[in-house]
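Peer 1: Sharing start.pdb below, PDB, C-alpha atoms:
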ATOM      1  CA  MET C   1     125.755 182.980  68.050
ATOM      2  CA  GLN C   2     127.780 184.019  71.069
ATOM      3  CA  GLN C   3     127.547 181.942  74.204
ATOM      4  CA  SER C   4     127.505 183.227  77.797
ATOM      5  CA  HIS C   5     129.116 181.651  80.815
ATOM      6  CA  ALA C   6     126.449 180.344  83.138
ATOM      7  CA  GLY C   7     126.497 181.507  86.720
ATOM      8  CA  ASP C   8     128.485 184.734  86.235
ATOM      9  CA  ARG C   9     127.931 186.907  83.194
ATOM     10  CA  SER C  10     130.565 189.445  84.268
ATOM     11  CA  ILE C  11     133.543 187.266  83.326
ATOM     12  CA  LYS C  12     134.386 187.325  79.619
ATOM     13  CA  VAL C  13     136.880 184.981  77.990
ATOM     14  CA  ILE C  14     138.860 186.265  75.001
ATOM     15  CA  ALA C  15     140.894 183.679  73.102
ATOM     16  CA  SER C  16     143.739 184.629  70.779
ATOM     17  CA  TYR C  17     143.672 181.704  68.392
ATOM     18  CA  ASN C  18     144.597 180.593  64.915
ATOM     19  CA  ILE C  19     145.297 177.107  63.642
ATOM     20  CA  LYS C  20     148.360 178.571  61.899
ATOM     21  CA  GLY C  21     151.399 179.565  63.925
ATOM     22  CA  GLY C  22     153.646 182.569  63.429
ATOM     23  CA  VAL C  23     150.804 185.070  63.060
ATOM     24  CA  GLY C  24     151.382 187.167  66.187
ATOM     25  CA  LYS C  25     148.706 185.664  68.416
ATOM     26  CA  THR C  26     150.893 185.691  71.537
ATOM     27  CA  ALA C  27     151.793 189.363  71.126
ATOM     28  CA  ILE C  28     148.115 190.188  70.711
ATOM     29  CA  ALA C  29     147.113 188.135  73.761
ATOM     30  CA  VAL C  30     149.741 189.745  75.992
ATOM     31  CA  ASN C  31     148.942 193.280  74.855
ATOM     32  CA  LEU C  32     145.186 192.753  75.169
ATOM     33  CA  ALA C  33     145.792 191.616  78.732
ATOM     34  CA  HIS C  34     147.631 194.855  79.428
ATOM     35  CA  CYS C  35     144.813 196.838  77.812
ATOM     36  CA  ALA C  36     142.299 195.049  80.032
ATOM     37  CA  VAL C  37     144.252 195.895  83.181
ATOM     38  CA  SER C  38     144.588 199.507  82.037
ATOM     39  CA  ALA C  39     140.809 199.630  81.562
ATOM     40  CA  GLY C  40     140.286 198.619  85.183
ATOM     41  CA  CYS C  41     139.397 194.969  84.564
ATOM     42  CA  ARG C  42     140.448 192.225  86.942
ATOM     43  CA  THR C  43     142.451 190.245  84.423
ATOM     44  CA  LEU C  44     143.887 186.753  84.082
ATOM     45  CA  LEU C  45     146.216 185.743  81.241
ATOM     46  CA  TRP C  46     146.116 181.989  80.624
ATOM     47  CA  ASP C  47     149.014 180.657  78.560
ATOM     48  CA  LEU C  48     147.743 177.465  76.934
ATOM     49  CA  ASP C  49     150.419 177.351  74.252
ATOM     50  CA  GLU C  50     153.049 174.773  75.184
ATOM     51  CA  GLN C  51     155.728 177.010  73.611
ATOM     52  CA  GLY C  52     155.057 179.401  76.487
ATOM     53  CA  GLY C  53     155.568 182.677  74.630
ATOM     54  CA  ALA C  54     153.231 184.685  76.861
ATOM     55  CA  SER C  55     154.785 183.203  80.009
ATOM     56  CA  THR C  56     158.266 184.030  78.728
ATOM     57  CA  ILE C  57     157.349 187.657  78.047
ATOM     58  CA  LEU C  58     156.156 187.873  81.643
ATOM     59  CA  GLY C  59     159.404 186.415  82.940
ATOM     60  CA  GLN C  60     158.247 182.847  83.580
ATOM     61  CA  MET C  61     160.137 180.633  81.172
ATOM     62  CA  PRO C  62     158.219 177.325  80.928
ATOM     63  CA  VAL C  63     160.036 174.124  81.806
ATOM     64  CA  ILE C  64     159.191 171.265  79.446
ATOM     65  CA  SER C  65     158.904 168.514  82.000
ATOM     66  CA  LYS C  66     155.881 166.519  83.071
ATOM     67  CA  ARG C  67     157.235 166.514  86.606
ATOM     68  CA  ARG C  68     156.966 170.299  86.707
ATOM     69  CA  ALA C  69     153.166 170.201  86.511
ATOM     70  CA  ARG C  70     151.567 170.223  89.936
ATOM     71  CA  ARG C  71     149.330 167.338  90.914
ATOM     72  CA  THR C  72     146.158 169.408  90.911
ATOM     73  CA  TYR C  73     143.750 170.431  88.216
ATOM     74  CA  GLN C  74     142.156 173.308  90.100
ATOM     75  CA  LEU C  75     142.909 176.420  88.091
ATOM     76  CA  LYS C  76     143.152 178.570  91.211
ATOM     77  CA  ASP C  77     146.129 176.508  92.404
ATOM     78  CA  HIS C  78     148.147 177.531  89.336
ATOM     79  CA  ILE C  79     147.429 181.256  89.265
ATOM     80  CA  THR C  80     150.380 183.485  90.052
ATOM     81  CA  ALA C  81     150.893 187.223  90.110
ATOM     82  CA  SER C  82     152.704 188.597  87.065
ATOM     83  CA  PRO C  83     155.287 191.417  87.105
ATOM     84  CA  TRP C  84     152.586 193.682  85.657
ATOM     85  CA  SER C  85     150.469 195.263  88.351
ATOM     86  CA  GLY C  86     146.898 193.971  88.282
ATOM     87  CA  LEU C  87     147.580 191.037  85.960
ATOM     88  CA  ASP C  88     147.547 187.404  87.077
ATOM     89  CA  LEU C  89     149.006 184.568  85.039
ATOM     90  CA  VAL C  90     148.502 180.845  84.542
ATOM     91  CA  PRO C  91     151.902 179.807  83.121
ATOM     92  CA  ALA C  92     152.236 177.485  80.160
ATOM     93  CA  ASP C  93     153.649 174.544  82.097
ATOM     94  CA  ALA C  94     150.933 174.581  84.756
ATOM     95  CA  PHE C  95     148.711 172.319  82.674
ATOM     96  CA  LEU C  96     151.198 170.584  80.415
ATOM     97  CA  ASN C  97     149.367 168.398  77.883
ATOM     98  CA  LEU C  98     146.022 169.357  79.461
ATOM     99  CA  LEU C  99     144.299 169.586  76.093
ATOM    100  CA  ASP C 100     145.598 166.169  75.050
ATOM    101  CA  ARG C 101     144.560 164.401  78.252
ATOM    102  CA  HIS C 102     140.983 165.674  78.399
ATOM    103  CA  ASP C 103     138.492 165.154  75.607
ATOM    104  CA  ARG C 104     135.488 166.692  77.385
ATOM    105  CA  PRO C 105     134.538 169.759  75.294
ATOM    106  CA  ARG C 106     133.620 171.811  78.379
ATOM    107  CA  HIS C 107     136.616 170.903  80.513
ATOM    108  CA  LEU C 108     138.390 174.273  80.219
ATOM    109  CA  ARG C 109     135.142 176.181  80.631
ATOM    110  CA  ASP C 110     134.384 174.268  83.814
ATOM    111  CA  LEU C 111     137.800 175.185  85.223
ATOM    112  CA  LEU C 112     137.145 178.863  84.511
ATOM    113  CA  GLN C 113     133.658 178.834  86.026
ATOM    114  CA  ARG C 114     135.163 177.915  89.384
ATOM    115  CA  ILE C 115     137.043 181.252  89.468
ATOM    116  CA  ALA C 116     134.379 183.312  87.689
ATOM    117  CA  GLY C 117     133.900 185.715  90.589
ATOM    118  CA  SER C 118     137.581 186.666  90.692
ATOM    119  CA  TYR C 119     138.060 188.172  87.210
ATOM    120  CA  ASP C 120     136.327 190.371  84.660
ATOM    121  CA  ARG C 121     138.441 189.366  81.671
ATOM    122  CA  VAL C 122     140.380 186.185  80.927
ATOM    123  CA  ILE C 123     142.760 186.378  77.959
ATOM    124  CA  VAL C 124     143.847 182.987  76.609
ATOM    125  CA  ASP C 125     146.850 182.447  74.363
ATOM    126  CA  CYS C 126     145.847 179.265  72.534
ATOM    127  CA  PRO C 127     148.016 176.676  70.788
ATOM    128  CA  PRO C 128     148.084 176.765  66.968
ATOM    129  CA  THR C 129     146.243 173.542  66.302
ATOM    130  CA  LEU C 130     143.039 172.162  64.839
ATOM    131  CA  GLY C 131     141.676 169.135  66.620
ATOM    132  CA  MET C 132     140.522 168.146  70.080
ATOM    133  CA  ALA C 133     141.730 171.444  71.530
ATOM    134  CA  THR C 134     139.604 173.448  69.105
ATOM    135  CA  GLU C 135     136.320 172.278  70.583
ATOM    136  CA  GLN C 136     137.471 173.126  74.099
ATOM    137  CA  ILE C 137     138.525 176.606  72.966
ATOM    138  CA  PHE C 138     135.157 177.183  71.282
ATOM    139  CA  GLU C 139     133.303 176.059  74.391
ATOM    140  CA  MET C 140     135.439 178.230  76.664
ATOM    141  CA  ALA C 141     135.561 181.530  74.763
ATOM    142  CA  ASP C 142     133.076 184.375  74.511
ATOM    143  CA  LEU C 143     135.107 185.886  71.680
ATOM    144  CA  ILE C 144     137.899 184.463  69.537
ATOM    145  CA  VAL C 145     140.382 186.969  68.152
ATOM    146  CA  VAL C 146     141.905 185.449  65.017
ATOM    147  CA  PRO C 147     145.217 187.087  64.013
ATOM    148  CA  ILE C 148     145.964 186.684  60.314
ATOM    149  CA  VAL C 149     148.991 187.847  58.375
ATOM    150  CA  PRO C 150     147.701 189.172  55.017
ATOM    151  CA  SER C 151     148.695 186.115  52.981
ATOM    152  CA  SER C 152     146.920 183.276  51.195
ATOM    153  CA  LEU C 153     147.913 180.683  53.798
ATOM    154  CA  SER C 154     146.522 182.773  56.631
ATOM    155  CA  PHE C 155     143.269 183.391  54.765
ATOM    156  CA  THR C 156     142.965 179.646  54.196
ATOM    157  CA  ALA C 157     143.434 179.003  57.916
ATOM    158  CA  LEU C 158     140.787 181.616  58.728
ATOM    159  CA  ALA C 159     138.352 179.994  56.292
ATOM    160  CA  GLN C 160     138.942 176.628  57.974
ATOM    161  CA  LEU C 161     138.191 178.118  61.372
ATOM    162  CA  GLN C 162     135.056 179.854  60.082
ATOM    163  CA  GLY C 163     133.902 176.596  58.529
ATOM    164  CA  TYR C 164     134.472 174.810  61.814
ATOM    165  CA  ALA C 165     132.391 177.418  63.650
ATOM    166  CA  GLN C 166     129.531 177.145  61.158
ATOM    167  CA  ASN C 167     129.437 173.345  61.215
ATOM    168  CA  ARG C 168     129.308 172.891  64.978
ATOM    169  CA  ASP C 169     126.078 171.548  66.447
ATOM    170  CA  ARG C 170     126.386 174.029  69.325
ATOM    171  CA  PRO C 171     126.429 177.849  69.369
ATOM    172  CA  SER C 172     129.860 179.261  68.547
ATOM    173  CA  PRO C 173     131.548 182.349  69.967
ATOM    174  CA  ALA C 174     132.039 185.256  67.596
ATOM    175  CA  LEU C 175     135.223 185.245  65.520
ATOM    176  CA  LEU C 176     137.079 188.550  65.202
ATOM    177  CA  PRO C 177     139.668 188.444  62.390
ATOM    178  CA  VAL C 178     142.550 190.872  62.880
ATOM    179  CA  PHE C 179     145.299 191.688  60.404
ATOM    180  CA  SER C 180     148.602 191.079  62.172
ATOM    181  CA  MET C 181     152.264 191.819  61.429
ATOM    182  CA  VAL C 182     151.176 194.136  58.620
ATOM    183  CA  ASP C 183     153.908 195.501  56.364
ATOM    184  CA  ARG C 184     152.439 198.151  54.091
ATOM    185  CA  ARG C 185     155.513 197.961  51.865
ATOM    186  CA  ARG C 186     154.168 194.626  50.629
ATOM    187  CA  ARG C 187     151.579 194.804  47.911
ATOM    188  CA  ALA C 188     149.605 191.828  49.201
ATOM    189  CA  HIS C 189     149.324 193.432  52.626
ATOM    190  CA  ARG C 190     148.168 196.759  51.211
ATOM    191  CA  GLU C 191     145.590 195.100  48.985
ATOM    192  CA  ALA C 192     144.215 193.004  51.867
ATOM    193  CA  ILE C 193     143.770 196.081  54.050
ATOM    194  CA  GLU C 194     142.167 198.044  51.227
ATOM    195  CA  ALA C 195     139.705 195.191  50.694
ATOM    196  CA  ALA C 196     138.691 195.209  54.397
ATOM    197  CA  PRO C 197     139.258 198.791  55.608
ATOM    198  CA  LYS C 198     137.159 198.371  58.772
ATOM    199  CA  GLN C 199     139.100 195.376  60.015
ATOM    200  CA  ASN C 200     141.582 196.004  62.821
ATOM    201  CA  ALA C 201     145.192 195.907  61.615
ATOM    202  CA  ILE C 202     148.308 195.599  63.783
ATOM    203  CA  PRO C 203     151.459 196.782  61.994
ATOM    204  CA  TYR C 204     154.738 194.928  62.214
ATOM    205  CA  ALA C 205     156.913 196.676  64.782
ATOM    206  CA  SER C 206     160.389 195.943  66.087
ATOM    207  CA  ALA C 207     159.030 196.769  69.541
ATOM    208  CA  MET C 208     157.038 193.529  69.399
ATOM    209  CA  GLU C 209     160.323 191.630  69.297
ATOM    210  CA  ARG C 210     161.654 193.640  72.243
ATOM    211  CA  MET C 211     158.757 192.688  74.498
ATOM    212  CA  THR C 212     160.374 189.478  75.706
ATOM    213  CA  ALA C 213     163.663 191.091  76.668
ATOM    214  CA  ALA C 214     161.951 194.092  78.241
ATOM    215  CA  GLY C 215     159.077 192.197  79.852
ATOM    216  CA  LEU C 216     156.813 195.095  78.954
ATOM    217  CA  PRO C 217     153.796 195.688  76.699
ATOM    218  CA  ILE C 218     153.940 197.823  73.563
ATOM    219  CA  ALA C 219     152.111 200.613  75.360
ATOM    220  CA  GLU C 220     155.137 201.048  77.630
ATOM    221  CA  ILE C 221     157.922 200.190  75.188
ATOM    222  CA  ALA C 222     156.647 202.441  72.429
ATOM    223  CA  PRO C 223     153.777 204.616  73.674
ATOM    224  CA  GLY C 224     152.179 206.625  70.900
ATOM    225  CA  SER C 225     153.542 204.303  68.213
ATOM    226  CA  PRO C 226     151.270 202.981  65.427
ATOM    227  CA  ALA C 227     151.453 199.512  67.004
ATOM    228  CA  ALA C 228     150.374 200.810  70.429
ATOM    229  CA  LYS C 229     147.516 202.797  68.907
ATOM    230  CA  SER C 230     146.316 199.868  66.813
ATOM    231  CA  LEU C 231     146.345 197.530  69.819
ATOM    232  CA  ALA C 232     144.354 200.072  71.825
ATOM    233  CA  ALA C 233     141.862 200.243  68.949
ATOM    234  CA  LEU C 234     141.641 196.451  68.913
ATOM    235  CA  TRP C 235     140.853 196.450  72.636
ATOM    236  CA  ARG C 236     137.997 198.895  72.046
ATOM    237  CA  THR C 237     136.657 196.642  69.292
ATOM    238  CA  VAL C 238     136.887 193.627  71.605
ATOM    239  CA  GLN C 239     134.961 195.428  74.334
ATOM    240  CA  LYS C 240     132.223 196.437  71.932
ATOM    241  CA  LYS C 241     131.928 192.893  70.639
ATOM    242  CA  LEU C 242     131.628 191.527  74.161
ATOM    243  CA  ALA C 243     129.234 194.017  75.715
ATOM    244  CA  PRO C 244     128.300 197.297  73.981
ATOM    245  CA  ASP C 245     126.670 198.602  77.159
ATOM    246  CA  ALA C 246     129.232 197.246  79.624
ATOM    247  CA  ALA C 247     129.676 199.255  82.775
ATOM    248  CA  LEU C 248     133.400 198.649  82.711
ATOM    249  CA  SER C 249     135.412 201.342  80.998
ATOM    250  CA  GLN C 250     136.178 200.733  77.350
ATOM    251  CA  ALA C 251     139.099 203.109  77.337
ATOM    252  CA  ALA C 252     142.458 201.552  76.575
TER     253      ALA C 252
END
Translate the structure of the given file into structure tokens.
Peer 2:
Amino acid sequence: MQQSHAGDRSIKVIASYNIKGGVGKTAIAVNLAHCAVSAGCRTLLWDLDEQGGASTILGQMPVISKRRARRTYQLKDHITASPWSGLDLVPADAFLNLLDRHDRPRHLRDLLQRIAGSYDRVIVDCPPTLGMATEQIFEMADLIVVPIVPSSLSFTALAQLQGYAQNRDRPSPALLPVFSMVDRRRRAHREAIEAAPKQNAIPYASAMERMTAAGLPIAEIAPGSPAAKSLAALWRTVQKKLAPDAALSQAA
């Protein structure tokens, strides 16, 4: 059952999350943020992963120092404009260790509700962990995009996340599994896609690795490429999952 944010139903929170790292969740988060801006959404990208991959792509290398974090926990005080027109960013080091210091399940959601009137879409790049942070992510998100590399370990991680969602005593946001870093030369990858042909699949692309150096999304590095087209298709799927009759454009 998908939850709604009280007080402002226009803001939708999309989390890119998997308990397993190295599955392409940061690339998906960053490119979904660009898709949202391109669709005319007022968009915020929140980098909650302490590794700061999304922040780095946008030219804000995180500094691992507790002294760097400002002495305020108002989300609005940490929002900064990104180099991409129309996209705002909460950098990774703005709330260093935030998830570890706060055990209230609704803490992150409460922070977002205070800025609900300012954005249509919030894309969150989540840390790869299962624990206290998981409950906060589930309380915050309207939709959780779960990138999985077609491999047994990734499928196991997905099953764990699905089990967590089913066993909660509160409504859970919808989970949207997405094949990521797909290499059709590998038999296991081909078989996984053939077994779930309707599931979104993002191919492995060297352009993904160039994003950090270029500071640009796939749509600008390699427009018309299979990766760009698949990410645009994922954005359309996300929009349909969130609000099939949304007034906002669903075009990527």
Peer 1: CA of Leu87 in chain C to CA of Tyr119 in chain C: how many Å, to one decimal?
Peer 2: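 For CA of Leu87 in chain C relative to CA of Tyr119 in chain C, the distance reads 10.0 Å.
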Peer 1: Taking all atoms listed in the file into account, produce a table as CSV in which each residue of range 155-249 of chain C with an atom at most 12 Å from an atom of range 124-142 of chain C appears once, together with its shortest atom pair and the distance in Å to one decimal, ordered by chain and rising number.
Peer 2:
residue,atom,partner,partner_atom,distance
C:Ala157,CA,C:Leu130,CA,9.7
C:Leu158,CA,C:Leu130,CA,11.5
C:Gln160,CA,C:Leu130,CA,9.2
C:Leu161,CA,C:Leu130,CA,8.4
C:Gln162,CA,C:Phe138,CA,11.5
C:Gly163,CA,C:Leu130,CA,12.0
C:Tyr164,CA,C:Thr134,CA,9.0
C:Ala165,CA,C:Phe138,CA,8.1
C:Gln166,CA,C:Phe138,CA,11.6
C:Asn167,CA,C:Glu135,CA,11.7
C:Arg168,CA,C:Glu135,CA,9.0
C:Asp169,CA,C:Glu135,CA,11.1
C:Arg170,CA,C:Glu139,CA,8.8
C:Pro171,CA,C:Glu139,CA,8.7
C:Ser172,CA,C:Phe138,CA,6.3
C:Pro173,CA,C:Asp142,CA,5.2
C:Ala174,CA,C:Asp142,CA,7.0
C:Leu175,CA,C:Asp142,CA,9.3
C:Leu176,CA,C:Asp142,CA,11.0
C:Val238,CA,C:Asp142,CA,10.4
C:Gln239,CA,C:Asp142,CA,11.2
C:Lys241,CA,C:Asp142,CA,9.4
C:Leu242,CA,C:Asp142,CA,7.3
C:Ala243,CA,C:Asp142,CA,10.4
Peer 1: Counting only C-alpha atoms, which residues of range 17-123 of chain C fall within 10 Å of range 195-208 of chain C, and what is the closest atom pair for each with its distance in Å at one decimal, ordered by chain and rising number, as JSON lines?
Peer 2:
{"residue": "C:Gly24", "atom": "CA", "partner": "C:Met208", "partner_atom": "CA", "distance": 9.1}
{"residue": "C:Ala27", "atom": "CA", "partner": "C:Met208", "partner_atom": "CA", "distance": 6.9}
{"residue": "C:Ile28", "atom": "CA", "partner": "C:Ile202", "partner_atom": "CA", "distance": 8.8}
{"residue": "C:Asn31", "atom": "CA", "partner": "C:Met208", "partner_atom": "CA", "distance": 9.8}
Peer 1: Could you save the residues just selected, with C-alpha atoms, as a JSON list (two decimals), in the coordinates of the input?
Peer 2:
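And here's part_19.json as it stands now:
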[["chain", "number", "residue", "atom", "x", "y", "z"],
["C", 24, "GLY", "CA", 151.38, 187.17, 66.19],
["C", 27, "ALA", "CA", 151.79, 189.36, 71.13],
["C", 28, "ILE", "CA", 148.12, 190.19, 70.71],
["C", 31, "ASN", "CA", 148.94, 193.28, 74.86]]
Peer 1: To one decimal place, how far is CA of Ala227 in chain C from CA of Leu44 in chain C in Å?
Peer 2: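 Taking CA of Ala227 in chain C as the start and CA of Leu44 in chain C as the end point, the length is 22.6 Å.
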Peer 1: Would you work out the distance separating CA of Ile115 in chain C from CA of Leu75 in chain C, expressed in Å to one decimal?
Peer 2: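 So the two atoms, CA of Ile115 in chain C and CA of Leu75 in chain C, lie 7.7 Å apart.
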Peer 1: May I ask which of the residues C:Gly59, C:Val178, C:Trp84, C:Val30 is the closest one to Ala233 in chain C, counting only C-alpha atoms?
Peer 2: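 Using only C-alpha atoms, Ala233 in chain C sits closest to C:Val178.
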Peer 1: Take the PyMOL selection byres ((chain C and resi 221) around 12), apply it to the structure above, and return the hits as a PDB file with C-alpha atoms, in the coordinates of the input.
Peer 2:
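Output below, filename result-v8.pdb:
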ATOM      1  CA  ASN C  31     148.942 193.280  74.855  1.00  0.00           C
ATOM      2  CA  ALA C 205     156.913 196.676  64.782  1.00  0.00           C
ATOM      3  CA  SER C 206     160.389 195.943  66.087  1.00  0.00           C
ATOM      4  CA  ALA C 207     159.030 196.769  69.541  1.00  0.00           C
ATOM      5  CA  MET C 208     157.038 193.529  69.399  1.00  0.00           C
ATOM      6  CA  GLU C 209     160.323 191.630  69.297  1.00  0.00           C
ATOM      7  CA  ARG C 210     161.654 193.640  72.243  1.00  0.00           C
ATOM      8  CA  MET C 211     158.757 192.688  74.498  1.00  0.00           C
ATOM      9  CA  THR C 212     160.374 189.478  75.706  1.00  0.00           C
ATOM     10  CA  ALA C 213     163.663 191.091  76.668  1.00  0.00           C
ATOM     11  CA  ALA C 214     161.951 194.092  78.241  1.00  0.00           C
ATOM     12  CA  GLY C 215     159.077 192.197  79.852  1.00  0.00           C
ATOM     13  CA  LEU C 216     156.813 195.095  78.954  1.00  0.00           C
ATOM     14  CA  PRO C 217     153.796 195.688  76.699  1.00  0.00           C
ATOM     15  CA  ILE C 218     153.940 197.823  73.563  1.00  0.00           C
ATOM     16  CA  ALA C 219     152.111 200.613  75.360  1.00  0.00           C
ATOM     17  CA  GLU C 220     155.137 201.048  77.630  1.00  0.00           C
ATOM     18  CA  ALA C 222     156.647 202.441  72.429  1.00  0.00           C
ATOM     19  CA  PRO C 223     153.777 204.616  73.674  1.00  0.00           C
ATOM     20  CA  GLY C 224     152.179 206.625  70.900  1.00  0.00           C
ATOM     21  CA  SER C 225     153.542 204.303  68.213  1.00  0.00           C
ATOM     22  CA  ALA C 227     151.453 199.512  67.004  1.00  0.00           C
ATOM     23  CA  ALA C 228     150.374 200.810  70.429  1.00  0.00           C
TER      24      ALA C 228
END
Peer 1: Which is closer to Asp47 in chain C than all the others in C:Pro91, C:Asn18, C:Ser151, C:Val13, using only C-alpha atoms?
Peer 2: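 The shortest atom-to-atom distance to Asp47 in chain C comes from C:Pro91.
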Peer 1: From the options C:Arg42, C:His189, C:Lys20, C:Arg104, which residue's atoms come nearest to Gly117 in chain C, counting all atoms listed in the file?
Peer 2: C:Arg42
Peer 1: Running the PyMOL selection byres ((chain C and resi 45) around 7) on this model by hand, what would come out? Give it as a list in words.
Peer 2: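 Checked against the file, the PyMOL selection byres ((chain C and resi 45) around 7) matches Ala33, Thr43, Leu44, Trp46, Asp47, Asp88, Leu89, Val90, Val122, Ile123 and Val124 of chain C.
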Peer 1: Draw an axis-aligned box over all listed atoms of range 51-56 of chain C, pad each side with 6 Å, and write its centre and edge lengths in Å, one decimal, as JSON.
Peer 2:
{"center_x": 155.7, "center_y": 180.8, "center_z": 76.8, "size_x": 17.0, "size_y": 19.7, "size_z": 18.4}
Peer 1: Can you spell out as a PyMOL selection string the set of residues that the PyMOL selection byres ((chain C and resi 22) around 10) selects in the structure I just provided?
Peer 2: chain C and resi 18-21+23-26+128+147-149+154+180-181
Peer 1: What would the file look like if the residues just selected were written as an mmCIF file, in the coordinates of the input with C-alpha atoms?
Peer 2:
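Contents of again.cif, as written:
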data_model
loop_
_atom_site.group_PDB
_atom_site.id
_atom_site.type_symbol
_atom_site.label_atom_id
_atom_site.label_comp_id
_atom_site.auth_asym_id
_atom_site.auth_seq_id
_atom_site.Cartn_x
_atom_site.Cartn_y
_atom_site.Cartn_z
ATOM 1 C CA ASN C 18 144.597 180.593 64.915
ATOM 2 C CA ILE C 19 145.297 177.107 63.642
ATOM 3 C CA LYS C 20 148.360 178.571 61.899
ATOM 4 C CA GLY C 21 151.399 179.565 63.925
ATOM 5 C CA VAL C 23 150.804 185.070 63.060
ATOM 6 C CA GLY C 24 151.382 187.167 66.187
ATOM 7 C CA LYS C 25 148.706 185.664 68.416
ATOM 8 C CA THR C 26 150.893 185.691 71.537
ATOM 9 C CA PRO C 128 148.084 176.765 66.968
ATOM 10 C CA PRO C 147 145.217 187.087 64.013
ATOM 11 C CA ILE C 148 145.964 186.684 60.314
ATOM 12 C CA VAL C 149 148.991 187.847 58.375
ATOM 13 C CA SER C 154 146.522 182.773 56.631
ATOM 14 C CA SER C 180 148.602 191.079 62.172
ATOM 15 C CA MET C 181 152.264 191.819 61.429
#
